[in-house]
$ cat target_15.cif   # mmCIF, C-alpha atoms
data_data
loop_
_atom_site.group_PDB
_atom_site.id
_atom_site.type_symbol
_atom_site.label_atom_id
_atom_site.label_comp_id
_atom_site.auth_asym_id
_atom_site.auth_seq_id
_atom_site.Cartn_x
_atom_site.Cartn_y
_atom_site.Cartn_z
ATOM 1 C CA MET I 1 93.028 100.968 126.703
ATOM 2 C CA ILE I 2 95.339 97.961 126.788
ATOM 3 C CA PHE I 3 94.649 97.096 123.144
ATOM 4 C CA SER I 4 95.134 100.704 122.079
ATOM 5 C CA THR I 5 98.506 100.875 123.869
ATOM 6 C CA LEU I 6 99.586 97.521 122.414
ATOM 7 C CA GLU I 7 98.579 98.648 118.932
ATOM 8 C CA HIS I 8 100.550 101.880 119.390
ATOM 9 C CA ILE I 9 103.641 99.930 120.493
ATOM 10 C CA LEU I 10 103.420 97.443 117.614
ATOM 11 C CA THR I 11 102.991 100.287 115.127
ATOM 12 C CA HIS I 12 106.175 102.009 116.287
ATOM 13 C CA ILE I 13 108.113 98.736 116.436
ATOM 14 C CA SER I 14 107.078 97.790 112.920
ATOM 15 C CA PHE I 15 107.972 101.259 111.624
ATOM 16 C CA SER I 16 111.395 101.076 113.326
ATOM 17 C CA LEU I 17 112.031 97.622 111.904
ATOM 18 C CA VAL I 18 110.996 98.816 108.454
ATOM 19 C CA SER I 19 113.444 101.728 108.664
ATOM 20 C CA ILE I 20 116.276 99.394 109.657
ATOM 21 C CA VAL I 21 115.451 96.875 106.921
ATOM 22 C CA ILE I 22 115.296 99.654 104.311
ATOM 23 C CA THR I 23 118.786 100.805 105.329
ATOM 24 C CA ILE I 24 120.197 97.277 105.225
ATOM 25 C CA HIS I 25 118.501 96.559 101.913
ATOM 26 C CA LEU I 26 119.933 99.710 100.318
ATOM 27 C CA ILE I 27 123.408 98.811 101.563
ATOM 28 C CA THR I 28 123.167 95.332 100.032
ATOM 29 C CA LEU I 29 122.116 96.913 96.736
ATOM 30 C CA LEU I 30 124.899 99.496 96.652
ATOM 31 C CA VAL I 31 127.669 97.202 97.878
ATOM 32 C CA ASP I 32 128.543 93.697 96.770
ATOM 33 C CA GLU I 33 126.357 91.098 98.444
ATOM 34 C CA ILE I 34 127.285 90.719 102.099
ATOM 35 C CA VAL I 35 125.956 87.501 103.592
ATOM 36 C CA ARG I 36 125.608 88.796 107.152
ATOM 37 C CA LEU I 37 123.767 91.930 106.077
ATOM 38 C CA TYR I 38 121.532 89.886 103.784
ATOM 39 C CA ASP I 39 120.656 87.509 106.648
ATOM 40 C CA SER I 40 119.941 90.500 108.899
ATOM 41 C CA SER I 41 117.582 91.883 106.267
ATOM 42 C CA GLU I 42 115.750 88.559 106.118
ATOM 43 C CA LYS I 43 115.440 88.373 109.900
ATOM 44 C CA GLY I 44 114.191 91.948 109.925
ATOM 45 C CA MET I 45 111.496 91.058 107.372
ATOM 46 C CA ILE I 46 110.403 88.088 109.510
ATOM 47 C CA ALA I 47 110.198 90.289 112.612
ATOM 48 C CA THR I 48 108.260 92.924 110.657
ATOM 49 C CA PHE I 49 105.831 90.271 109.430
ATOM 50 C CA PHE I 50 105.059 89.112 112.963
ATOM 51 C CA CYS I 51 104.684 92.707 114.167
ATOM 52 C CA ILE I 52 102.202 93.449 111.383
ATOM 53 C CA THR I 53 100.342 90.225 112.189
ATOM 54 C CA GLY I 54 100.159 91.205 115.848
ATOM 55 C CA LEU I 55 99.014 94.705 114.885
ATOM 56 C CA LEU I 56 96.189 93.346 112.729
ATOM 57 C CA ILE I 57 95.064 90.839 115.372
ATOM 58 C CA THR I 58 95.140 93.492 118.115
ATOM 59 C CA ARG I 59 93.129 95.945 116.052
ATOM 60 C CA TRP I 60 90.716 93.154 115.055
ATOM 61 C CA ILE I 61 90.045 92.244 118.703
ATOM 62 C CA TYR I 62 89.776 95.893 119.716
ATOM 63 C CA LEU I 63 87.383 96.894 116.912
ATOM 64 C CA GLY I 64 85.424 93.649 116.679
ATOM 65 C CA TYR I 65 85.884 93.316 112.905
ATOM 66 C CA LEU I 66 88.739 92.670 110.494
ATOM 67 C CA PRO I 67 90.536 96.045 110.135
ATOM 68 C CA LEU I 68 89.855 96.857 106.492
ATOM 69 C CA SER I 69 87.611 99.900 106.760
ATOM 70 C CA ASN I 70 90.019 102.741 105.852
ATOM 71 C CA LEU I 71 93.155 103.465 103.877
ATOM 72 C CA TYR I 72 95.494 102.983 106.840
ATOM 73 C CA GLU I 73 94.086 99.540 107.645
ATOM 74 C CA SER I 74 94.056 98.395 104.034
ATOM 75 C CA LEU I 75 97.686 99.497 103.555
ATOM 76 C CA ILE I 76 98.658 97.534 106.660
ATOM 77 C CA PHE I 77 96.865 94.503 105.235
ATOM 78 C CA LEU I 78 98.503 95.069 101.842
ATOM 79 C CA SER I 79 101.921 95.157 103.501
ATOM 80 C CA TRP I 80 101.041 91.966 105.385
ATOM 81 C CA SER I 81 99.993 90.310 102.107
ATOM 82 C CA LEU I 82 103.250 91.337 100.424
ATOM 83 C CA SER I 83 105.149 89.946 103.412
ATOM 84 C CA ILE I 84 103.388 86.596 102.989
ATOM 85 C CA ILE I 85 104.450 86.483 99.344
ATOM 86 C CA HIS I 86 107.981 87.202 100.537
ATOM 87 C CA MET I 87 107.902 84.549 103.286
ATOM 88 C CA VAL I 88 106.535 81.587 101.291
ATOM 89 C CA PRO I 89 109.565 81.016 99.007
ATOM 90 C CA TYR I 90 111.889 81.873 101.900
ATOM 91 C CA PHE I 91 110.613 79.039 104.085
ATOM 92 C CA LYS I 92 110.368 76.630 101.143
ATOM 93 C CA LYS I 93 113.962 77.559 100.235
ATOM 94 C CA TYR I 94 113.528 77.876 96.488
ATOM 95 C CA LYS I 95 116.783 78.129 94.564
ATOM 96 C CA ASN I 96 115.532 81.124 92.606
ATOM 97 C CA TYR I 97 114.224 82.832 95.726
ATOM 98 C CA LEU I 98 116.454 85.911 95.305
ATOM 99 C CA ASN I 99 114.574 86.980 92.167
ATOM 100 C CA LEU I 100 111.303 87.195 94.086
ATOM 101 C CA ASN I 101 112.965 88.624 97.180
ATOM 102 C CA ALA I 102 114.313 91.596 95.248
ATOM 103 C CA ILE I 103 110.718 92.554 94.383
ATOM 104 C CA SER I 104 108.689 91.562 97.439
ATOM 105 C CA THR I 105 111.012 93.040 100.055
ATOM 106 C CA PRO I 106 111.015 96.690 98.845
ATOM 107 C CA SER I 107 107.270 96.507 98.104
ATOM 108 C CA ALA I 108 106.411 95.339 101.625
ATOM 109 C CA ILE I 109 108.893 97.747 103.209
ATOM 110 C CA PHE I 110 107.692 100.925 101.494
ATOM 111 C CA THR I 111 104.000 100.035 101.845
ATOM 112 C CA GLN I 112 104.404 99.443 105.568
ATOM 113 C CA GLY I 113 106.581 102.536 105.903
ATOM 114 C CA PHE I 114 103.941 104.728 104.267
ATOM 115 C CA ALA I 115 101.124 103.193 106.332
ATOM 116 C CA THR I 116 102.883 103.643 109.682
ATOM 117 C CA SER I 117 104.292 107.084 108.913
ATOM 118 C CA GLY I 118 102.699 110.271 110.187
ATOM 119 C CA LEU I 119 100.839 110.942 106.929
ATOM 120 C CA LEU I 120 97.851 108.814 107.925
ATOM 121 C CA THR I 121 97.717 109.645 111.640
ATOM 122 C CA GLU I 122 94.057 110.678 111.542
ATOM 123 C CA MET I 123 93.088 107.287 110.137
ATOM 124 C CA HIS I 124 94.701 105.400 113.014
ATOM 125 C CA GLN I 125 91.670 106.180 115.169
ATOM 126 C CA SER I 126 88.854 103.661 115.038
ATOM 127 C CA GLU I 127 85.471 104.802 113.753
ATOM 128 C CA ILE I 128 81.999 103.333 113.609
ATOM 129 C CA LEU I 129 81.462 101.535 110.325
ATOM 130 C CA VAL I 130 79.059 103.106 107.875
ATOM 131 C CA PRO I 131 75.931 100.968 107.302
ATOM 132 C CA ALA I 132 77.170 99.694 103.931
ATOM 133 C CA LEU I 133 80.288 98.217 105.585
ATOM 134 C CA GLN I 134 78.426 96.551 108.442
ATOM 135 C CA SER I 135 78.293 93.196 106.707
ATOM 136 C CA HIS I 136 79.985 89.824 106.924
ATOM 137 C CA TRP I 137 81.011 90.377 103.282
ATOM 138 C CA LEU I 138 83.511 93.036 104.400
ATOM 139 C CA MET I 139 86.129 90.471 105.406
ATOM 140 C CA MET I 140 85.540 88.248 102.361
ATOM 141 C CA HIS I 141 85.438 90.936 99.683
ATOM 142 C CA VAL I 142 88.099 93.386 100.840
ATOM 143 C CA SER I 143 90.605 90.756 101.979
ATOM 144 C CA MET I 144 90.392 88.934 98.628
ATOM 145 C CA MET I 145 90.791 92.190 96.715
ATOM 146 C CA VAL I 146 93.827 93.326 98.710
ATOM 147 C CA LEU I 147 95.448 89.882 98.497
ATOM 148 C CA GLY I 148 94.842 90.023 94.749
ATOM 149 C CA TYR I 149 96.374 93.500 94.510
ATOM 150 C CA ALA I 150 99.463 92.355 96.435
ATOM 151 C CA ALA I 151 100.048 89.318 94.223
ATOM 152 C CA LEU I 152 99.375 91.211 91.002
ATOM 153 C CA LEU I 153 101.720 94.038 92.021
ATOM 154 C CA CYS I 154 104.558 91.587 92.697
ATOM 155 C CA GLY I 155 103.926 89.734 89.459
ATOM 156 C CA SER I 156 103.820 92.982 87.486
ATOM 157 C CA LEU I 157 107.122 94.132 88.978
ATOM 158 C CA LEU I 158 108.724 90.799 88.058
ATOM 159 C CA SER I 159 107.504 91.240 84.484
ATOM 160 C CA LEU I 160 108.892 94.772 84.490
ATOM 161 C CA ALA I 161 112.275 93.417 85.629
ATOM 162 C CA LEU I 162 112.113 90.872 82.800
ATOM 163 C CA LEU I 163 111.545 93.659 80.268
ATOM 164 C CA VAL I 164 114.459 95.712 81.623
ATOM 165 C CA ILE I 165 116.863 92.776 81.322
ATOM 166 C CA THR I 166 115.586 91.822 77.865
ATOM 167 C CA PHE I 167 115.743 95.322 76.374
ATOM 168 C CA ARG I 168 119.174 95.963 77.882
ATOM 169 C CA LYS I 169 120.375 92.868 76.069
ATOM 170 C CA LEU I 170 118.803 94.029 72.793
ATOM 171 C CA LEU I 171 120.344 97.500 73.130
ATOM 172 C CA ARG I 172 123.759 95.977 73.774
ATOM 173 C CA ILE I 173 123.483 93.747 70.707
ATOM 174 C CA PHE I 174 122.315 96.694 68.593
ATOM 175 C CA SER I 175 125.206 98.907 69.729
ATOM 176 C CA LYS I 176 127.732 96.165 68.997
ATOM 177 C CA SER I 177 126.328 95.645 65.507
ATOM 178 C CA ASN I 178 126.628 99.388 64.796
ATOM 179 C CA ASN I 179 130.234 99.400 65.969
ATOM 180 C CA ARG I 180 131.070 96.546 63.638
ATOM 181 C CA VAL I 181 129.477 98.320 60.674
ATOM 182 C CA ASN I 182 131.425 101.504 61.415
ATOM 183 C CA GLU I 183 134.745 99.703 61.711
ATOM 184 C CA SER I 184 137.178 99.913 58.814
ATOM 185 C CA PHE I 185 137.435 96.804 56.697
ATOM 186 C CA SER I 186 141.068 97.489 55.716
ATOM 187 C CA LEU I 187 142.564 95.472 58.593
ATOM 188 C CA GLY I 188 145.908 93.819 58.332
ATOM 189 C CA GLU I 189 146.329 90.083 58.579
ATOM 190 C CA ILE I 190 148.101 90.283 61.969
ATOM 191 C CA GLN I 191 145.295 92.365 63.473
ATOM 192 C CA TYR I 192 142.747 89.878 62.121
ATOM 193 C CA VAL I 193 144.552 86.991 63.818
ATOM 194 C CA ARG I 194 144.696 88.858 67.125
ATOM 195 C CA GLU I 195 140.984 89.620 67.008
ATOM 196 C CA LYS I 196 140.264 85.992 66.242
ATOM 197 C CA LYS I 197 142.251 84.873 69.278
ATOM 198 C CA ASN I 198 140.474 87.423 71.481
ATOM 199 C CA LEU I 199 137.130 86.221 70.194
ATOM 200 C CA LEU I 200 137.953 82.615 71.050
ATOM 201 C CA SER I 201 139.212 83.540 74.511
ATOM 202 C CA HIS I 202 135.975 85.393 75.356
ATOM 203 C CA THR I 203 133.614 82.797 73.870
ATOM 204 C CA LEU I 204 133.305 80.761 77.043
ATOM 205 C CA PHE I 205 132.754 83.838 79.220
ATOM 206 C CA LEU I 206 130.092 85.276 76.934
ATOM 207 C CA SER I 207 128.285 81.970 76.561
ATOM 208 C CA SER I 208 128.128 81.446 80.326
ATOM 209 C CA ARG I 209 126.978 85.044 80.797
ATOM 210 C CA ASN I 210 124.253 84.649 78.186
ATOM 211 C CA TYR I 211 123.193 81.355 79.763
ATOM 212 C CA TYR I 212 122.850 83.028 83.181
ATOM 213 C CA ARG I 213 120.828 85.858 81.663
ATOM 214 C CA PHE I 214 118.605 83.357 79.878
ATOM 215 C CA GLN I 215 118.028 81.432 83.112
ATOM 216 C CA LEU I 216 117.234 84.649 84.966
ATOM 217 C CA ILE I 217 114.679 85.677 82.341
ATOM 218 C CA GLN I 218 113.079 82.240 82.456
ATOM 219 C CA GLN I 219 112.821 82.357 86.253
ATOM 220 C CA LEU I 220 111.355 85.847 86.246
ATOM 221 C CA ASP I 221 108.799 84.801 83.654
ATOM 222 C CA LEU I 222 107.862 81.662 85.624
ATOM 223 C CA TRP I 223 107.513 83.464 88.959
ATOM 224 C CA SER I 224 105.560 86.294 87.357
ATOM 225 C CA TYR I 225 103.129 83.827 85.801
ATOM 226 C CA ARG I 226 102.652 81.904 89.056
ATOM 227 C CA ILE I 227 102.084 84.960 91.237
ATOM 228 C CA ILE I 228 99.814 86.731 88.738
ATOM 229 C CA SER I 229 97.759 83.545 88.363
ATOM 230 C CA LEU I 230 97.300 83.426 92.133
ATOM 231 C CA GLY I 231 96.454 87.131 92.267
ATOM 232 C CA PHE I 232 93.974 86.738 89.421
ATOM 233 C CA ILE I 233 92.129 84.058 91.400
ATOM 234 C CA PHE I 234 91.961 86.316 94.460
ATOM 235 C CA LEU I 235 90.794 89.243 92.322
ATOM 236 C CA THR I 236 88.075 87.147 90.693
ATOM 237 C CA ILE I 237 86.790 85.934 94.066
ATOM 238 C CA GLY I 238 86.888 89.503 95.372
ATOM 239 C CA ILE I 239 84.892 90.880 92.436
ATOM 240 C CA LEU I 240 82.291 88.097 92.647
ATOM 241 C CA SER I 241 81.865 88.474 96.412
ATOM 242 C CA GLY I 242 81.675 92.242 95.949
ATOM 243 C CA ALA I 243 78.880 91.777 93.404
ATOM 244 C CA VAL I 244 76.885 89.663 95.850
ATOM 245 C CA TRP I 245 77.506 92.236 98.595
ATOM 246 C CA ALA I 246 76.455 95.077 96.267
ATOM 247 C CA ASN I 247 73.197 93.277 95.514
ATOM 248 C CA GLU I 248 72.452 93.026 99.239
ATOM 249 C CA ALA I 249 73.438 96.639 99.993
ATOM 250 C CA TRP I 250 72.303 98.496 96.871
ATOM 251 C CA GLY I 251 69.934 96.079 95.126
ATOM 252 C CA SER I 252 72.137 95.597 92.057
ATOM 253 C CA TYR I 253 75.047 93.283 91.318
ATOM 254 C CA TRP I 254 76.898 95.834 89.175
ATOM 255 C CA ASN I 255 76.587 99.619 88.964
ATOM 256 C CA TRP I 256 79.591 100.705 86.857
ATOM 257 C CA ASP I 257 80.823 103.307 89.326
ATOM 258 C CA PRO I 258 84.542 104.267 89.008
ATOM 259 C CA LYS I 259 85.736 101.633 91.490
ATOM 260 C CA GLU I 260 83.893 98.781 89.830
ATOM 261 C CA THR I 261 84.883 99.967 86.358
ATOM 262 C CA TRP I 262 88.596 100.046 87.158
ATOM 263 C CA ALA I 263 88.361 96.688 88.931
ATOM 264 C CA PHE I 264 86.868 95.278 85.739
ATOM 265 C CA ILE I 265 89.627 96.907 83.664
ATOM 266 C CA THR I 266 92.235 95.351 85.960
ATOM 267 C CA TRP I 267 90.596 91.925 85.686
ATOM 268 C CA THR I 268 90.372 92.214 81.878
ATOM 269 C CA LEU I 269 94.012 93.254 81.521
ATOM 270 C CA PHE I 270 95.337 90.339 83.526
ATOM 271 C CA SER I 271 93.017 87.896 81.779
ATOM 272 C CA ILE I 272 94.657 89.094 78.541
ATOM 273 C CA TYR I 273 98.053 88.487 80.163
ATOM 274 C CA LEU I 274 97.127 84.932 81.136
ATOM 275 C CA HIS I 275 95.848 84.270 77.619
ATOM 276 C CA THR I 276 99.021 85.565 75.972
ATOM 277 C CA ARG I 277 101.242 83.797 78.515
ATOM 278 C CA THR I 278 99.661 80.393 77.927
ATOM 279 C CA ASN I 279 99.806 80.830 74.143
ATOM 280 C CA ASN I 280 103.027 79.198 72.941
ATOM 281 C CA LYS I 281 102.984 81.235 69.732
ATOM 282 C CA ILE I 282 103.371 84.512 71.652
ATOM 283 C CA GLU I 283 106.752 85.411 73.165
ATOM 284 C CA SER I 284 107.074 85.962 76.907
ATOM 285 C CA VAL I 285 108.150 89.565 76.300
ATOM 286 C CA ASN I 286 104.749 90.434 74.874
ATOM 287 C CA SER I 287 102.905 89.038 77.886
ATOM 288 C CA ALA I 288 105.386 90.817 80.186
ATOM 289 C CA ILE I 289 104.484 94.130 78.522
ATOM 290 C CA VAL I 290 100.806 93.518 79.329
ATOM 291 C CA ALA I 291 101.628 92.629 82.950
ATOM 292 C CA SER I 292 103.810 95.738 83.315
ATOM 293 C CA MET I 293 100.899 97.895 82.206
ATOM 294 C CA GLY I 294 98.904 96.233 84.962
ATOM 295 C CA PHE I 295 101.175 97.728 87.617
ATOM 296 C CA LEU I 296 99.876 101.231 86.867
ATOM 297 C CA ILE I 297 96.283 100.037 86.452
ATOM 298 C CA ILE I 298 96.304 98.372 89.883
ATOM 299 C CA TRP I 299 97.436 101.541 91.645
ATOM 300 C CA ILE I 300 94.779 103.550 89.807
ATOM 301 C CA CYS I 301 92.137 101.047 90.899
ATOM 302 C CA TYR I 302 93.359 100.711 94.469
ATOM 303 C CA PHE I 303 94.461 104.237 95.310
ATOM 304 C CA GLY I 304 93.873 106.660 92.446
ATOM 305 C CA VAL I 305 90.116 106.229 92.154
ATOM 306 C CA ASN I 306 89.731 106.830 95.884
ATOM 307 C CA LEU I 307 91.185 110.318 95.549
ATOM 308 C CA LEU I 308 88.154 111.301 93.464
ATOM 309 C CA GLY I 309 85.731 110.428 96.265
ATOM 310 C CA ILE I 310 82.819 109.855 93.866
ATOM 311 C CA GLY I 311 80.540 106.933 93.095
ATOM 312 C CA LEU I 312 78.978 104.293 95.302
ATOM 313 C CA HIS I 313 82.372 103.614 96.862
ATOM 314 C CA SER I 314 82.736 107.249 97.955
ATOM 315 C CA TYR I 315 82.841 106.101 101.591
ATOM 316 C CA GLY I 316 86.079 104.463 100.528
ATOM 317 C CA SER I 317 87.687 107.771 99.521
ATOM 318 C CA PHE I 318 90.927 109.093 100.994
ATOM 319 C CA THR I 319 89.507 109.010 104.488
ATOM 320 C CA LEU I 320 88.138 105.511 104.018
ATOM 321 C CA THR I 321 89.795 102.710 102.153
ATOM 322 C CA SER I 322 89.463 101.218 98.752
ATOM 323 C CA ASN I 323 88.268 97.672 98.486
#
$ encode --input "target_15.cif" --output "structure tokens"
Amino acid sequence: MIFSTLEHILTHISFSLVSIVITIHLITLLVDEIVRLYDSSEKGMIATFFCITGLLITRWIYLGYLPLSNLYESLIFLSWSLSIIHMVPYFKKYKNYLNLNAISTPSAIFTQGFATSGLLTEMHQSEILVPALQSHWLMMHVSMMVLGYAALLCGSLLSLALLVITFRKLLRIFSKSNNRVNESFSLGEIQYVREKKNLLSHTLFLSSRNYYRFQLIQQLDLWSYRIISLGFIFLTIGILSGAVWANEAWGSYWNWDPKETWAFITWTLFSIYLHTRTNNKIESVNSAIVASMGFLIIWICYFGVNLLGIGLHSYGSFTLTSN
């Protein structure tokens, strides 16, 4: 009874904190950066992280196993994983921390908000694990998979941000070139001199602006590569441990049911990304396109397949989590 009450309190506190942080975060996006509001958002994320940690520990003690058996619990763990990704560069005080913060904060906020909302109320109640989940591999396999999903989602969003910035730059250059072609070439000498002076006066501003954009793209590419590499390791460990678990539970390491198939597709896609990213002959934009495609693939693997409720992972359908 005590653990149930504590879990209920932590759930409502975390949801309230998430709502406040969402409001603050939206204000900082719509208005010029306000230091005090930004600091409040960071403190709110830290408080939310500790609330989620307390919620997981309380539910773990109450149930007797790591809470990863249904969609509600896995979303809580996913939000906790995204919060860790957010907290690491914050405490290490990286100079390019803001680039990662802009991705990790909304991801953790909306995941936690959805998990603690009233949409999954029925899943808040603890249930007896089905026989297939009553294994020590539950903690190893599912935790590695969810940690991998969290890292890969953040890395994919960073690659998507890189593509947006890059293509905006290309569109701007293309529009300027069209304007120059459409201009009349019968300009007077005085007008030519004025344009030359204006060009010289804006050279320094444009060069510094392009340098900042270049640095931003480089940072996004670097962070995306680092986080996706980490997520790929987690995903690989999760798939391997899942294969061992499947052999113990079903007598076969691999059965090609929808969950396993999409996990393999996800793994293949990000292995292609890592190959293209480490190849110096291929531009970073091309690898970012592959990683951006991975964002949709991950959600299909994690959430979409579960809506079907078919295959050997059918106990992990909408009423029970993906792994």
$ atom_distance --input "target_15.cif" --atom1 "atom CA of I:Arg213" --atom2 "atom CA of I:Ser159"
14.6 Å
$ residues_around --input "target_15.cif" --residues "stretch 50-52 of chain I" --least-positions-apart "4" --cutoff "8 Å" --atoms "only C-alpha atoms" --output "list in words"
Leu10, Thr11, Ile13, Ser14, Ile46, Leu56, Ile76 and Trp80 of chain I
$ atom_distance --input "target_15.cif" --atom1 "atom CA of I:Met87" --atom2 "atom CA of I:Thr105"
9.6 Å
$ atom_distance --input "target_15.cif" --atom1 "atom CA of I:Pro106" --atom2 "atom CA of I:Ile85"
12.1 Å
$ closest_residue --input "target_15.cif" --among "I:Ile20, I:Ile233, I:Leu163, I:Ile27" --to "I:Met293" --atoms "only C-alpha atoms"
I:Leu163
$ closest_residue --input "target_15.cif" --among "I:Ser229, I:Ser241, I:Asn247, I:Thr266" --to "I:Thr278" --atoms "only C-alpha atoms"
I:Ser229
$ residues_around --input "target_15.cif" --residues "I:Ser135" --least-positions-apart "2" --cutoff "12 Å" --atoms "only C-alpha atoms" --output "list in words"
Tyr65, Leu66, Ser69, Leu129, Val130, Pro131, Ala132, Leu133, Trp137, Leu138, Met139, Met140, His141, Val142, Ser241, Gly242, Val244, Trp245, Ala246, Glu248 and Ala249 of chain I
$ closest_residue --input "target_15.cif" --among "I:Glu260, I:Glu73, I:Glu42, I:Asp221" --to "I:Val21" --atoms "only C-alpha atoms"
I:Glu42
$ axis_aligned_box --input "target_15.cif" --around "stretch 62-79 of chain I" --padding-each-side "3 Å" --output "lines of an AutoDock Vina configuration file"
center_x = 93.7
center_y = 98.1
center_z = 110.8
size_x = 22.5
size_y = 16.8
size_z = 23.9
$ closest_residue --input "target_15.cif" --among "I:Thr58, I:Gln134, I:Ser104, I:Thr5" --to "I:Ser79" --atoms "all atoms listed in the file"
I:Ser104
$ resolve_selection --input "target_15.cif" --expression "the PyMOL selection byres ((chain I and resi 294) around 8)" --output "PyMOL selection string"
chain I and resi 152-153+156+266+269-270+290-293+295-298
$ resolve_selection --input "target_15.cif" --expression "the PyMOL selection byres ((chain I and resi 284-286) around 8)" --output "PyMOL selection string"
chain I and resi 162-163+166+221+276-277+282-283+287-290
$ closest_residue --input "target_15.cif" --among "I:Tyr212, I:Val88, I:Tyr149, I:Trp254" --to "I:Ile300" --atoms "all atoms listed in the file"
I:Tyr149
$ closest_residue --input "target_15.cif" --among "I:Leu158, I:Leu17, I:Ile165, I:Leu55" --to "I:Phe110" --atoms "all atoms listed in the file"
I:Leu17
$ residues_near_point --input "target_15.cif" --point "(89.1, 101.1, 89.0)" --cutoff "9 Å" --atoms "all atoms listed in the file" --output "VMD selection string"
chain I and resid 257 to 266 297 to 306
$ decode --input "target_15.cif" --residues "stretch 228-233 of chain I" --atoms "all heavy atoms" --output "JSON list (two decimals), in the first residue's frame"
[["chain", "number", "residue", "atom", "x", "y", "z"],
["I", 228, "ILE", "N", 24.40, 7.89, -31.95],
["I", 228, "ILE", "CA", 23.95, 6.74, -32.73],
["I", 228, "ILE", "C", 24.90, 5.56, -32.54],
["I", 228, "ILE", "O", 24.46, 4.40, -32.45],
["I", 228, "ILE", "CB", 23.81, 7.11, -34.22],
["I", 228, "ILE", "CG1", 22.59, 8.01, -34.42],
["I", 228, "ILE", "CG2", 23.68, 5.85, -35.08],
["I", 228, "ILE", "CD1", 22.39, 8.47, -35.84],
["I", 229, "SER", "N", 26.19, 5.82, -32.44],
["I", 229, "SER", "CA", 27.15, 4.74, -32.19],
["I", 229, "SER", "C", 26.86, 4.07, -30.86],
["I", 229, "SER", "O", 26.88, 2.83, -30.75],
["I", 229, "SER", "CB", 28.58, 5.29, -32.21],
["I", 229, "SER", "OG", 28.90, 5.85, -33.46],
["I", 230, "LEU", "N", 26.59, 4.87, -29.83],
["I", 230, "LEU", "CA", 26.24, 4.32, -28.53],
["I", 230, "LEU", "C", 24.94, 3.52, -28.60],
["I", 230, "LEU", "O", 24.84, 2.41, -28.06],
["I", 230, "LEU", "CB", 26.13, 5.45, -27.51],
["I", 230, "LEU", "CG", 25.74, 5.05, -26.08],
["I", 230, "LEU", "CD1", 26.83, 4.16, -25.46],
["I", 230, "LEU", "CD2", 25.52, 6.29, -25.22],
["I", 231, "GLY", "N", 23.93, 4.10, -29.26],
["I", 231, "GLY", "CA", 22.66, 3.40, -29.40],
["I", 231, "GLY", "C", 22.77, 2.11, -30.19],
["I", 231, "GLY", "O", 22.09, 1.12, -29.90],
["I", 232, "PHE", "N", 23.65, 2.11, -31.18],
["I", 232, "PHE", "CA", 23.85, 0.90, -31.99],
["I", 232, "PHE", "C", 24.44, -0.22, -31.15],
["I", 232, "PHE", "O", 24.09, -1.40, -31.32],
["I", 232, "PHE", "CB", 24.77, 1.23, -33.18],
["I", 232, "PHE", "CG", 24.95, 0.09, -34.14],
["I", 232, "PHE", "CD1", 23.98, -0.20, -35.07],
["I", 232, "PHE", "CD2", 26.11, -0.69, -34.11],
["I", 232, "PHE", "CE1", 24.14, -1.25, -35.97],
["I", 232, "PHE", "CE2", 26.28, -1.74, -34.99],
["I", 232, "PHE", "CZ", 25.29, -2.02, -35.93],
["I", 233, "ILE", "N", 25.34, 0.13, -30.24],
["I", 233, "ILE", "CA", 25.92, -0.87, -29.33],
["I", 233, "ILE", "C", 24.83, -1.46, -28.44],
["I", 233, "ILE", "O", 24.73, -2.69, -28.28],
["I", 233, "ILE", "CB", 27.05, -0.25, -28.49],
["I", 233, "ILE", "CG1", 28.22, 0.16, -29.39],
["I", 233, "ILE", "CG2", 27.51, -1.22, -27.41],
["I", 233, "ILE", "CD1", 29.31, 0.92, -28.67]]
